[in-house]
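Structure first, then comments.
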Amino acid sequence: HCFFFYTGACSALKLTVPSHTIHGIEGQPLHLIVNYNFNTTASEVQIIWLFERPQTNPKYLLGSVNQRVVPDLEYQHKFTLIPPNASLIINPLHISDEGNYIVKVNVRGNRTIAASQKIQVAVDVPVAKPIIHTEPSSGVVELVGNITLKCTVGKGTRVVYQWMKNGKRLHAGPNYTFSSNNATLLILPVVKEDIGNYSCLASNPVSAMESEIIAPTIYYGPYGLRVKSDKGLKVGAVFTVDIGEAIQFDCSADSNPPNTYSWIQRADNTTHVIKYGPYLEVISDKVAQKTIDYMCCAFNNMTGKRDETHFTVVVTSVGLEKLAQKGKSLSSLAVITGISLLLILIMTFLFIWKRYQPYKELHFFNINFLSFTIDINLNIMFMFSRPETDYRKAQTFAGHESASDDFGIYEFVAIPALAGGSRVSSQTVPGSDFISGQDMLSTVYEVIQHIPEQQQ
């Protein structure tokens with residue numbers, strides 16, 4: 001920046017301030033910082049501070065020549081100057097100290113150069129915590145009344161007001177109107193959506209305070225009336241329950257204040273109130289199927305509005321049928337389980353018997369048991385008959401006394417009798433229960449493997 005001589009020529013003296021407008025707090029000191037420098041040899045440096053209010057002439061506050069301060073006696077205890085520093089300290093600061101402060105620096109050397117700056121000082125009082133007043137304080141009915149919110153502070157200068165709803169800044173809208181300084185908020189008309197937490201933020205250049213939260217009382221409803229149950233199947237407005245089952249119904253709606261509820265039963269083209277309150281318990285009777293019509297009515301005594309909903313309860317015997325089917329399933333399962341356990345016991349017994357009986361007795365038991373198996377599965381063996389010549393080859397059976405000679409793996413096959421009354425002969429096995437020369441069938445014993453091998 002270039003500053004000027006009184007003659008208007010460009011000077012080498014530079015005079016600077018951080019800001020041309022400074023806000024101070026009443027009762028606290030204020031420091032007006034000023035910096036200056038020059039590039040000439042100076043024999044004398046003069047600093048002067050002046051104060052002016054609007055529409056008045058500047059007043060001398062104090063000054064200095066080199067290191068000597070010359071104050072105005074009226075202000076000598078209020079203003080401080082410490083040369084060669086040109087900054088001014090005001091302590092304490094009062095509202096009356098608002099105005100323009102002019103600093104002037106003169107430097108005398110080969111010639112005199114000068115520069116000046118002006119600083120505007122605003123003195124503010126910190127705001128107190130604001131308070132909100134609500135009119136009316138008792139609450140209003142939606143779409144009928146309106147609400148006025150007023151924000152006031154006990155002290156503070158140049159206060160700016162801002163309204164908040166649920167922590168967010170509130171702007172003007174179709175039903176929101178603000179006063180010129182935003183200190184008053186008018187909500188007209190009031191609707192349910194206006195319910196919330198309102199607060200007022202009061203601030204000025206040196207402070208900011210927020211009020212306590214206030215929630216205006218708004219009466220509305222009933223809205224969204226519905227009936228719910230603790231059990232049963234719901235399809236639309238029909239509840240299906242089983243015979244003998246108790247079901248509890250809950251009637252609810254969004255409303256302020258809470259609604260009063262009444263339950264109405266419809267039968268034979270007539271209706272009558274059966275209960276008051278939000279809950280109704282219905283115990284189905286012992287009838288195969290029955291249909292009952294109900295109605296729940298909700299009433300708000302502040303808004304004067306009411307709403308109602310209809311529903312039907314159908315009692316069925318589905319539960320008993322399910323119980324009978326479940327019993328049948330359990331009976332079938334028990335029979336199958338018993339048969340399975342019996343077969344396991346028989347197999348276990350046979351295994352132990354075979355393991356601990358002598359070979360001869362084992363041979364005897366095997367023959368009889370397998371014969372019994374042939375008789376049981378006879379019809380199945382008919383489907384897998386073999387040529388007669390193969391069975392005749394399989395009839396060779398060597399009689400002997402040693403049980404070890406009979407040890408081996410046998411295949412038992414049943415074949416039908418030959419046409420024309422002929423039958424396949426079989427040898428009688430000692431100790432077996434097979435009867436040779438059966439009427440319709442013959443038994444053939446074919447040795448698949450013989451262990452140990454015997455020498456003829």
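As shown in the structure tokens, the chain order sets the letters A, B, ...; within each chain, residues go from 1, and ligands are also counted from 1 in the order they appear.
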
Could you give me, as JSON lines, a per-residue list for region 269-305 of chain A showing, wherever an atom lies at most 12 Å from an atom of region 139-149 of chain A, the closest pair of atoms and their distance in Å to one decimal, using only C-alpha atoms and sorting by chain then residue number from low to high?
```
{"residue": "A:Asn300", "atom": "CA", "partner": "A:Val141", "partner_atom": "CA", "distance": 11.1}
{"residue": "A:Asn301", "atom": "CA", "partner": "A:Val141", "partner_atom": "CA", "distance": 11.1}
{"residue": "A:Met302", "atom": "CA", "partner": "A:Val141", "partner_atom": "CA", "distance": 7.5}
{"residue": "A:Thr303", "atom": "CA", "partner": "A:Val141", "partner_atom": "CA", "distance": 6.3}
{"residue": "A:Gly304", "atom": "CA", "partner": "A:Val141", "partner_atom": "CA", "distance": 9.9}
{"residue": "A:Lys305", "atom": "CA", "partner": "A:Val141", "partner_atom": "CA", "distance": 11.1}
```

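Using only C-alpha atoms, the contacts of Thr152 (chain A) at a cut-off of 12 Å, with sequence neighbours closer than 3 positions omitted, comprise Val127, Ala128, Lys129, Pro130, Ile131, Ile132, His133, Thr134, Leu149, Lys155, Gly156, Val159, Val160, Tyr161, Gln162, Asn181, Asn182, Ala183, Thr184, Leu185, Ser199, Cys200, Leu201, Ala202, Ser203, Met209, Glu210 and Ser211 of chain A.
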
Determine, for each residue of region 90-111 of chain A having at least one atom at most 10 Å from an atom of region 69-79 of chain A, the closest pair of atoms and their separation in Å to one decimal, counting only C-alpha atoms; order by chain and ascending number, as a Markdown table.
```
| residue | atom | partner | partner_atom | distance |
| --- | --- | --- | --- | --- |
| A:Ile90 | CA | A:Phe79 | CA | 5.0 |
| A:Asn91 | CA | A:Lys78 | CA | 5.6 |
| A:Pro92 | CA | A:Lys78 | CA | 7.0 |
| A:Leu93 | CA | A:Lys78 | CA | 8.8 |
```

Selected residues written out, C-alpha atoms, as a short mmCIF file (atom, residue, chain, number, x, y, z; two decimals), in the first residue's frame:
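Contents of selection.cif, as written:
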```cif
data_model
loop_
_atom_site.label_atom_id
_atom_site.label_comp_id
_atom_site.auth_asym_id
_atom_site.auth_seq_id
_atom_site.Cartn_x
_atom_site.Cartn_y
_atom_site.Cartn_z
CA ILE A 90 -8.86 0.14 25.71
CA ASN A 91 -9.61 -1.17 29.19
CA PRO A 92 -12.36 -1.66 30.21
CA LEU A 93 -14.60 -1.48 27.17
#
```

Might you pull out every residue within 7 Å of Arg266 (chain A), with only C-alpha atoms counted and same-chain residues fewer than 4 positions away left off, and present them as a ChimeraX atom specification?
/A:270-272,293-294

Would you mind exporting the chosen residues as a PDB file, in the first residue's frame, restricted to all heavy atoms?
```
ATOM      1  N   THR A 270     -78.507 -56.985  14.104  1.00  0.00           N
ATOM      2  CA  THR A 270     -78.461 -56.054  15.236  1.00  0.00           C
ATOM      3  C   THR A 270     -77.030 -55.940  15.737  1.00  0.00           C
ATOM      4  O   THR A 270     -76.211 -56.837  15.526  1.00  0.00           O
ATOM      5  CB  THR A 270     -79.356 -56.536  16.391  1.00  0.00           C
ATOM      6  OG1 THR A 270     -78.889 -57.818  16.845  1.00  0.00           O
ATOM      7  CG2 THR A 270     -80.808 -56.637  15.937  1.00  0.00           C
ATOM      8  N   THR A 271     -76.739 -54.834  16.385  1.00  0.00           N
ATOM      9  CA  THR A 271     -75.401 -54.612  16.945  1.00  0.00           C
ATOM     10  C   THR A 271     -75.532 -54.230  18.408  1.00  0.00           C
ATOM     11  O   THR A 271     -76.510 -53.565  18.807  1.00  0.00           O
ATOM     12  CB  THR A 271     -74.660 -53.494  16.195  1.00  0.00           C
ATOM     13  OG1 THR A 271     -75.407 -52.282  16.304  1.00  0.00           O
ATOM     14  CG2 THR A 271     -74.467 -53.852  14.724  1.00  0.00           C
ATOM     15  N   HIS A 272     -74.548 -54.629  19.203  1.00  0.00           N
ATOM     16  CA  HIS A 272     -74.530 -54.245  20.611  1.00  0.00           C
ATOM     17  C   HIS A 272     -73.084 -54.229  21.097  1.00  0.00           C
ATOM     18  O   HIS A 272     -72.245 -55.022  20.650  1.00  0.00           O
ATOM     19  CB  HIS A 272     -75.375 -55.199  21.468  1.00  0.00           C
ATOM     20  CG  HIS A 272     -74.890 -56.624  21.412  1.00  0.00           C
ATOM     21  ND1 HIS A 272     -75.181 -57.476  20.364  1.00  0.00           N
ATOM     22  CD2 HIS A 272     -74.137 -57.338  22.290  1.00  0.00           C
ATOM     23  CE1 HIS A 272     -74.628 -58.658  20.589  1.00  0.00           C
ATOM     24  NE2 HIS A 272     -73.995 -58.596  21.740  1.00  0.00           N
ATOM     25  N   ASP A 293     -69.198 -61.643  13.384  1.00  0.00           N
ATOM     26  CA  ASP A 293     -68.787 -60.331  12.894  1.00  0.00           C
ATOM     27  C   ASP A 293     -68.586 -59.378  14.061  1.00  0.00           C
ATOM     28  O   ASP A 293     -69.431 -59.294  14.967  1.00  0.00           O
ATOM     29  CB  ASP A 293     -69.836 -59.758  11.937  1.00  0.00           C
ATOM     30  CG  ASP A 293     -69.938 -60.570  10.653  1.00  0.00           C
ATOM     31  OD1 ASP A 293     -68.908 -61.119  10.239  1.00  0.00           O
ATOM     32  OD2 ASP A 293     -71.044 -60.653  10.095  1.00  0.00           O
ATOM     33  N   TYR A 294     -67.441 -58.639  14.023  1.00  0.00           N
ATOM     34  CA  TYR A 294     -67.126 -57.675  15.072  1.00  0.00           C
ATOM     35  C   TYR A 294     -66.798 -56.329  14.441  1.00  0.00           C
ATOM     36  O   TYR A 294     -66.489 -56.224  13.245  1.00  0.00           O
ATOM     37  CB  TYR A 294     -65.936 -58.140  15.916  1.00  0.00           C
ATOM     38  CG  TYR A 294     -66.198 -59.362  16.755  1.00  0.00           C
ATOM     39  CD1 TYR A 294     -65.836 -60.621  16.295  1.00  0.00           C
ATOM     40  CD2 TYR A 294     -66.784 -59.257  18.005  1.00  0.00           C
ATOM     41  CE1 TYR A 294     -66.069 -61.756  17.056  1.00  0.00           C
ATOM     42  CE2 TYR A 294     -67.021 -60.371  18.782  1.00  0.00           C
ATOM     43  CZ  TYR A 294     -66.659 -61.622  18.304  1.00  0.00           C
ATOM     44  OH  TYR A 294     -66.885 -62.739  19.057  1.00  0.00           O
TER      45      TYR A 294
END
```

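Distance check against Glu135 (chain A) using only C-alpha atoms: of A:Asn85, A:Pro216, A:Glu98, A:Asn110, the minimum falls on A:Pro216.
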
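Rounded to one decimal, CA of Tyr198 (chain A) and CA of Ile214 (chain A) lie 5.2 Å from each other.
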
From the list A:Gly109, A:Gly196, A:Pro258, A:Gly173, the nearest residue to Thr40 (chain A) using only C-alpha atoms is A:Gly109

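The spacing separating CA of Lys150 (chain A) from CA of His171 (chain A) amounts to 15.8 Å.
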
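Taking CA of Val282 (chain A) as the reference point, CA of Ile247 (chain A) is found at 5.4 Å.
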
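Nearest to Leu15 (chain A) of all the residues A:Val107, A:Ile264, A:Ala115, A:Val191 is A:Ala115, counting only C-alpha atoms.
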
Please provide as a list in words all residues within 9 Å of Tyr276 (chain A), with the sequence filter that same-chain residues fewer than 2 positions apart are discarded (counting only C-alpha atoms).
Thr260, Tyr261, Ser262, Trp263, Val273, Ile274, Pro278, Tyr279 and Leu280 of chain A

Dump as a PDB file, in the first residue's frame, selection limited to N, CA and C atoms:
```pdb
ATOM      1  N   THR A 260     -60.453 -43.606  22.943  1.00  0.00           N
ATOM      2  CA  THR A 260     -61.278 -44.538  23.706  1.00  0.00           C
ATOM      3  C   THR A 260     -61.833 -45.557  22.711  1.00  0.00           C
ATOM      4  N   TYR A 261     -61.849 -46.843  23.109  1.00  0.00           N
ATOM      5  CA  TYR A 261     -62.223 -47.918  22.193  1.00  0.00           C
ATOM      6  C   TYR A 261     -63.475 -48.633  22.699  1.00  0.00           C
ATOM      7  N   SER A 262     -64.284 -49.076  21.761  1.00  0.00           N
ATOM      8  CA  SER A 262     -65.446 -49.900  22.076  1.00  0.00           C
ATOM      9  C   SER A 262     -65.551 -51.012  21.050  1.00  0.00           C
ATOM     10  N   TRP A 263     -65.975 -52.221  21.517  1.00  0.00           N
ATOM     11  CA  TRP A 263     -66.103 -53.399  20.665  1.00  0.00           C
ATOM     12  C   TRP A 263     -67.590 -53.698  20.471  1.00  0.00           C
ATOM     13  N   VAL A 273     -72.801 -53.293  22.008  1.00  0.00           N
ATOM     14  CA  VAL A 273     -71.461 -53.138  22.567  1.00  0.00           C
ATOM     15  C   VAL A 273     -71.216 -54.256  23.567  1.00  0.00           C
ATOM     16  N   ILE A 274     -70.074 -54.950  23.378  1.00  0.00           N
ATOM     17  CA  ILE A 274     -69.756 -56.069  24.269  1.00  0.00           C
ATOM     18  C   ILE A 274     -68.596 -55.754  25.208  1.00  0.00           C
ATOM     19  N   PRO A 278     -58.992 -51.262  24.655  1.00  0.00           N
ATOM     20  CA  PRO A 278     -58.288 -51.642  23.411  1.00  0.00           C
ATOM     21  C   PRO A 278     -58.188 -53.147  23.184  1.00  0.00           C
ATOM     22  N   TYR A 279     -58.561 -53.986  24.162  1.00  0.00           N
ATOM     23  CA  TYR A 279     -58.372 -55.431  24.022  1.00  0.00           C
ATOM     24  C   TYR A 279     -59.713 -56.168  24.113  1.00  0.00           C
ATOM     25  N   LEU A 280     -59.803 -57.243  23.341  1.00  0.00           N
ATOM     26  CA  LEU A 280     -60.988 -58.103  23.364  1.00  0.00           C
ATOM     27  C   LEU A 280     -60.539 -59.548  23.257  1.00  0.00           C
TER      28      LEU A 280
END
```

Every residue of region 206-337 of chain A that DSSP places in alpha helix (DSSP H), as a list in words
Val318, Gly319, Leu320, Glu321, Lys322, Leu323, Ala324, Gln325, Lys326, Gly327, Lys328, Ser329, Leu330, Ser331, Ser332, Leu333, Ala334, Val335, Ile336 and Thr337 of chain A

Residues just named, written with C-alpha atoms as a PDB file, in the first residue's frame:
```
ATOM      1  CA  VAL A 318     -59.073 -77.868  11.301  1.00  0.00           C
ATOM      2  CA  GLY A 319     -57.229 -78.271  14.550  1.00  0.00           C
ATOM      3  CA  LEU A 320     -59.067 -81.483  15.526  1.00  0.00           C
ATOM      4  CA  GLU A 321     -58.514 -83.013  12.091  1.00  0.00           C
ATOM      5  CA  LYS A 322     -54.816 -82.273  12.344  1.00  0.00           C
ATOM      6  CA  LEU A 323     -54.728 -83.876  15.783  1.00  0.00           C
ATOM      7  CA  ALA A 324     -56.445 -87.073  14.493  1.00  0.00           C
ATOM      8  CA  GLN A 325     -54.070 -87.289  11.521  1.00  0.00           C
ATOM      9  CA  LYS A 326     -51.163 -86.873  13.864  1.00  0.00           C
ATOM     10  CA  GLY A 327     -52.454 -89.753  16.041  1.00  0.00           C
ATOM     11  CA  LYS A 328     -52.773 -92.034  13.007  1.00  0.00           C
ATOM     12  CA  SER A 329     -49.263 -91.222  11.914  1.00  0.00           C
ATOM     13  CA  LEU A 330     -47.971 -92.016  15.371  1.00  0.00           C
ATOM     14  CA  SER A 331     -49.837 -95.417  15.386  1.00  0.00           C
ATOM     15  CA  SER A 332     -48.379 -96.474  12.005  1.00  0.00           C
ATOM     16  CA  LEU A 333     -44.933 -95.457  13.106  1.00  0.00           C
ATOM     17  CA  ALA A 334     -45.280 -97.493  16.295  1.00  0.00           C
ATOM     18  CA  VAL A 335     -46.248-100.651  14.322  1.00  0.00           C
ATOM     19  CA  ILE A 336     -43.317-100.288  11.941  1.00  0.00           C
ATOM     20  CA  THR A 337     -40.951 -99.717  14.831  1.00  0.00           C
TER      21      THR A 337
END
```

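With distances restricted to only C-alpha atoms, A:His31 is the closest residue to Leu88 (chain A) from A:His31, A:Arg355, A:Arg111, A:Arg53.
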